[in-house]
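For reference, coords39.txt (compact mmCIF, C-alpha atoms):
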# COMPACT_ATOMS: atom_id res chain seq x y z
CA MET A 1 180.04 138.09 42.15
CA THR A 2 177.97 140.05 39.64
CA GLU A 3 177.07 138.85 36.16
CA SER A 4 178.11 140.66 33.04
CA PRO A 5 175.33 141.78 30.68
CA ALA A 6 176.46 139.08 28.20
CA GLN A 7 176.12 136.33 30.84
CA SER A 8 172.71 137.62 31.87
CA SER A 9 171.56 137.72 28.23
CA ALA A 10 172.84 134.18 27.62
CA LYS A 11 170.89 132.91 30.64
CA GLN A 12 167.69 134.54 29.36
CA GLN A 13 168.08 133.01 25.90
CA SER A 14 168.91 129.53 27.21
CA ARG A 15 165.78 127.45 27.63
CA GLY A 16 166.12 124.11 29.32
CA ARG A 17 163.50 121.40 29.74
CA HIS A 18 162.17 123.10 32.86
CA ALA A 19 162.45 126.71 31.73
CA LYS A 20 159.74 129.12 32.78
CA PRO A 21 157.23 129.42 29.93
CA PRO A 22 156.48 132.82 28.38
CA SER A 23 153.95 135.08 30.05
CA ALA A 24 150.25 134.53 29.46
CA LEU A 25 150.07 137.85 27.61
CA ALA A 26 152.88 136.80 25.24
CA VAL A 27 151.20 133.46 24.58
CA ARG A 28 147.81 135.07 23.93
CA TRP A 29 149.31 137.67 21.62
CA LYS A 30 151.19 135.02 19.64
CA ARG A 31 148.05 132.88 19.37
CA LEU A 32 145.98 135.89 18.26
CA VAL A 33 148.43 136.78 15.52
CA ALA A 34 149.03 133.17 14.41
CA SER A 35 145.45 131.97 14.39
CA ARG A 36 143.89 132.20 10.94
CA ARG A 37 140.48 131.53 12.38
CA ARG A 38 140.67 134.42 14.82
CA ARG A 39 141.80 136.77 12.06
CA LEU A 40 138.72 135.84 10.05
CA VAL A 41 136.45 136.35 13.07
CA LEU A 42 138.04 139.72 13.82
CA ALA A 43 137.71 140.75 10.17
CA GLY A 44 134.03 139.77 10.22
CA ALA A 45 133.47 141.75 13.43
CA GLY A 46 135.22 144.75 11.88
CA LEU A 47 133.05 144.57 8.77
CA THR A 48 129.91 144.32 10.91
CA ALA A 49 130.94 147.37 12.92
CA ALA A 50 131.73 149.31 9.73
CA ALA A 51 128.31 148.41 8.29
CA ALA A 52 126.59 149.56 11.49
CA LEU A 53 128.48 152.88 11.37
CA ALA A 54 127.58 153.38 7.71
CA ALA A 55 123.89 152.70 8.46
CA GLY A 56 123.99 155.16 11.35
CA ALA A 57 125.63 157.80 9.17
CA ALA A 58 123.03 157.30 6.43
CA LEU A 59 120.22 157.77 8.95
CA ALA A 60 121.81 160.98 10.23
CA LEU A 61 121.72 162.55 6.76
CA PRO A 62 118.75 164.81 5.93
CA GLY A 63 115.92 162.66 4.63
CA GLY A 64 117.66 159.50 5.86
CA GLY A 65 114.89 158.62 8.32
CA GLY A 66 111.27 157.98 7.46
CA GLY A 67 109.71 160.33 9.96
CA PRO A 68 109.88 161.42 13.56
CA GLY A 69 111.31 158.71 15.79
CA SER A 70 112.09 156.31 12.96
CA ALA A 71 115.81 157.17 12.99
CA SER A 72 116.21 156.13 16.61
CA ARG A 73 114.17 152.97 16.12
CA THR A 74 116.19 151.98 13.02
CA ALA A 75 119.50 152.72 14.77
CA ALA A 76 118.47 150.49 17.68
CA GLU A 77 117.56 147.72 15.24
CA ALA A 78 120.96 148.11 13.51
CA ARG A 79 122.78 147.86 16.87
CA ALA A 80 120.82 144.71 17.79
CA ALA A 81 121.67 143.11 14.43
CA ALA A 82 125.36 144.11 14.68
CA SER A 83 125.97 142.67 18.16
CA PRO A 84 125.02 139.02 18.51
CA SER A 85 124.22 137.53 21.88
CA PRO A 86 127.13 136.31 24.03
CA HIS A 87 126.10 132.71 23.29
CA GLU A 88 126.38 133.32 19.53
CA GLN A 89 129.80 134.95 19.99
CA VAL A 90 131.13 131.88 21.83
CA ASP A 91 129.81 129.59 19.11
CA ALA A 92 131.44 131.72 16.39
CA VAL A 93 134.87 131.71 18.05
CA GLY A 94 134.76 128.21 19.59
CA ASP A 95 137.04 126.90 22.30
CA PRO A 96 140.18 129.09 22.21
CA ASP A 97 142.39 126.18 23.30
CA GLU A 98 141.15 123.78 20.64
CA VAL A 99 143.36 123.56 17.53
CA THR A 100 140.78 122.61 14.91
CA ASP A 101 143.05 123.05 11.87
CA ALA A 102 145.54 120.39 13.04
CA VAL A 103 143.68 117.18 12.16
CA PRO A 104 142.94 118.27 8.56
CA TYR A 105 146.64 119.12 8.26
CA PHE A 106 147.59 115.67 9.60
CA GLU A 107 145.25 114.07 7.04
CA THR A 108 147.26 115.70 4.23
CA LYS A 109 150.34 113.90 5.59
CA ASP A 110 148.44 110.63 6.19
CA PRO A 111 145.81 110.14 3.46
CA GLY A 112 145.21 106.52 4.54
CA LYS A 113 144.51 107.75 8.10
CA LYS A 114 146.69 105.01 9.63
CA VAL A 115 148.14 107.51 12.13
CA VAL A 116 145.41 110.17 12.24
CA LYS A 117 142.82 107.63 13.38
CA HIS A 118 144.59 107.60 16.78
CA VAL A 119 144.12 111.37 17.41
CA THR A 120 141.35 112.15 19.91
CA ASP A 121 142.01 115.86 20.53
CA VAL A 122 144.50 118.65 19.77
CA ARG A 123 144.67 121.52 22.30
CA ARG A 124 146.83 124.45 23.31
CA SER A 125 148.11 124.50 26.86
CA GLY A 126 150.00 127.74 27.43
CA SER A 127 152.78 127.81 24.84
CA PHE A 128 152.50 124.06 24.17
CA VAL A 129 150.29 122.12 21.77
CA ARG A 130 149.14 118.78 23.12
CA VAL A 131 148.02 115.98 20.81
CA TYR A 132 145.91 113.43 22.68
CA THR A 133 145.69 109.92 21.21
CA ASP A 134 144.28 106.51 21.99
CA LEU A 135 147.79 105.04 21.81
CA LYS A 136 148.95 103.10 24.88
CA GLU A 137 151.83 103.72 27.25
CA GLU A 138 153.87 101.04 25.46
CA ASP A 139 153.75 103.16 22.26
CA GLU A 140 156.39 105.57 23.61
CA ASN A 141 158.62 106.67 20.67
CA SER A 142 156.51 104.61 18.25
CA LYS A 143 156.28 105.64 14.61
CA PRO A 144 152.72 107.05 14.98
CA ALA A 145 153.70 109.09 18.07
CA LEU A 146 156.86 110.45 16.42
CA ASP A 147 154.99 111.21 13.17
CA LEU A 148 152.34 113.17 15.07
CA CYS A 149 155.03 115.12 16.93
CA LYS A 150 156.87 115.98 13.69
CA TRP A 151 153.67 116.88 11.83
CA THR A 152 152.47 119.10 14.66
CA THR A 153 155.86 120.83 14.78
CA GLN A 154 155.67 121.53 11.03
CA PHE A 155 152.04 122.64 11.36
CA LEU A 156 153.05 125.19 13.99
CA LYS A 157 156.05 126.39 11.95
CA ASP A 158 153.81 126.84 8.91
CA GLY A 159 151.50 128.92 11.13
CA GLY A 160 154.34 131.26 12.14
CA ASP A 161 155.45 129.72 15.44
CA ASP A 162 159.22 130.17 15.73
CA GLU A 163 159.59 127.84 18.73
CA PRO A 164 157.02 125.05 18.42
CA ARG A 165 156.57 122.96 21.56
CA VAL A 166 154.64 119.75 21.19
CA PHE A 167 153.53 116.89 23.43
CA VAL A 168 151.94 113.71 22.09
CA HIS A 169 149.96 111.94 24.81
CA GLY A 170 148.75 108.39 25.10
CA GLU A 171 146.41 106.64 27.51
CA SER A 172 147.55 104.96 30.69
CA ASP A 173 145.59 102.97 33.25
CA ASP A 174 147.33 104.50 36.24
CA ASN A 175 148.90 107.79 35.14
CA GLY A 176 146.40 109.78 33.07
CA SER A 177 147.85 110.89 29.74
CA VAL A 178 151.44 109.72 29.39
CA ILE A 179 153.89 111.46 27.06
CA LEU A 180 154.74 109.32 24.05
CA ALA A 181 156.77 111.94 22.13
CA ASN A 182 157.62 115.59 22.67
CA LYS A 183 159.54 118.53 21.25
CA GLN A 184 160.42 121.33 23.64
CA SER A 185 163.22 123.02 21.69
CA ALA A 186 164.79 123.11 18.24
CA LYS A 187 167.33 120.53 19.46
CA ASP A 188 164.72 117.92 20.42
CA SER A 189 164.05 115.09 17.97
CA CYS A 190 160.55 114.30 19.33
CA GLU A 191 161.85 111.16 21.03
CA VAL A 192 161.40 110.90 24.79
CA SER A 193 164.06 109.31 26.96
CA GLU A 194 163.37 105.74 27.96
CA THR A 195 161.57 105.34 31.27
CA PRO A 196 162.81 102.61 33.63

Take the structure in this file and express it as structure tokens.
Amino acid sequence: MTESPAQSSAKQQSRGRHAKPPSALAVRWKRLVASRRRRLVLAGAGLTAAAALAAGAALALPGGGGGPGSASRTAAEARAAASPSPHEQVDAVGDPDEVTDAVPYFETKDPGKKVVKHVTDVRRSGSFVRVYTDLKEEDENSKPALDLCKWTTQFLKDGGDDEPRVFVHGESDDNGSVILANKQSAKDSCEVSETP
């Protein structure tokens, strides 16, 4: 039995709890567009390149150099100044999976830092954002875990993410980072189902 185009389209749009995540290229593109920090870094790199081109053009004009050989030496110096070392580039961009803007956003929602004090790290993992906390396994569906899930969802929506997916993790003695709250679709309320 063959599927109609409408059935095929409905299957592609339906995303269950175990749906295949978007491709790595789609995730990277979305992160590139959504990340304010990356836009600023790219703008700075563009301005640096434009300045280097302008300096090179000025040196190419008659009388732009100081004498024989000075134009090539000055152009080399301009290229060295325009392209920082790989180490400096990594420091300027930072860890691409780290979401550094999240905690300051949480602090606007929690000025007393009663909830934010539990956050240890906020990271991207594919199309998901994971909030790591020092909360314990017993804190599943607790107010702090649910607040962090809701705040992260709003943070992502404010950043242009149409389908925010969030996991709030706690510590466990025997199971690594347990999930205390999560939102995988627009229908999710951030609460996780009770574990036996």

Distance query A:Val166 at most 8 Å, only C-alpha atoms, self and fewer than 5 positions along chain excluded, as a list in words: Phe128, Val129, Arg130, Val131, Cys149, Thr152, Thr153, Asn182, Lys183 and Gln184 of chain A

From the options A:Ile179, A:Leu135, A:Leu146, A:Ala186, which residue's atoms come nearest to A:Asp162, counting only C-alpha atoms?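 Counting only C-alpha atoms, the residue closest to A:Asp162 is A:Ala186.
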
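Each of A:Asp110, A:Glu194, A:Asp97, A:Asp188 was compared to A:Leu148 using only C-alpha atoms, and A:Asp110 turns out to be the nearest.
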
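If you look at atom CA of A:Val115 and atom CA of A:Pro144, they are 5.4 Å away from each other.
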
Tell me which protein, DNA and RNA residues are within 7 Å of A:Leu180, counting all atoms listed in the file, leaving out same-chain ones fewer than 5 positions away, and put them as a PyMOL selection string. chain A and resi 139-141+145+168-170+192

Go through A:Leu156, A:Val103, A:Cys190, A:Ala52 and flag the residue nearest A:Val116, using only C-alpha atoms for the distances.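 Using only C-alpha atoms, A:Val116 sits closest to A:Val103.
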
One decimal, Å: what's the distance from atom CA of A:Asp121 over to atom CA of A:Thr133, could you say?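 Distance between the two atoms: 7.0 Å.
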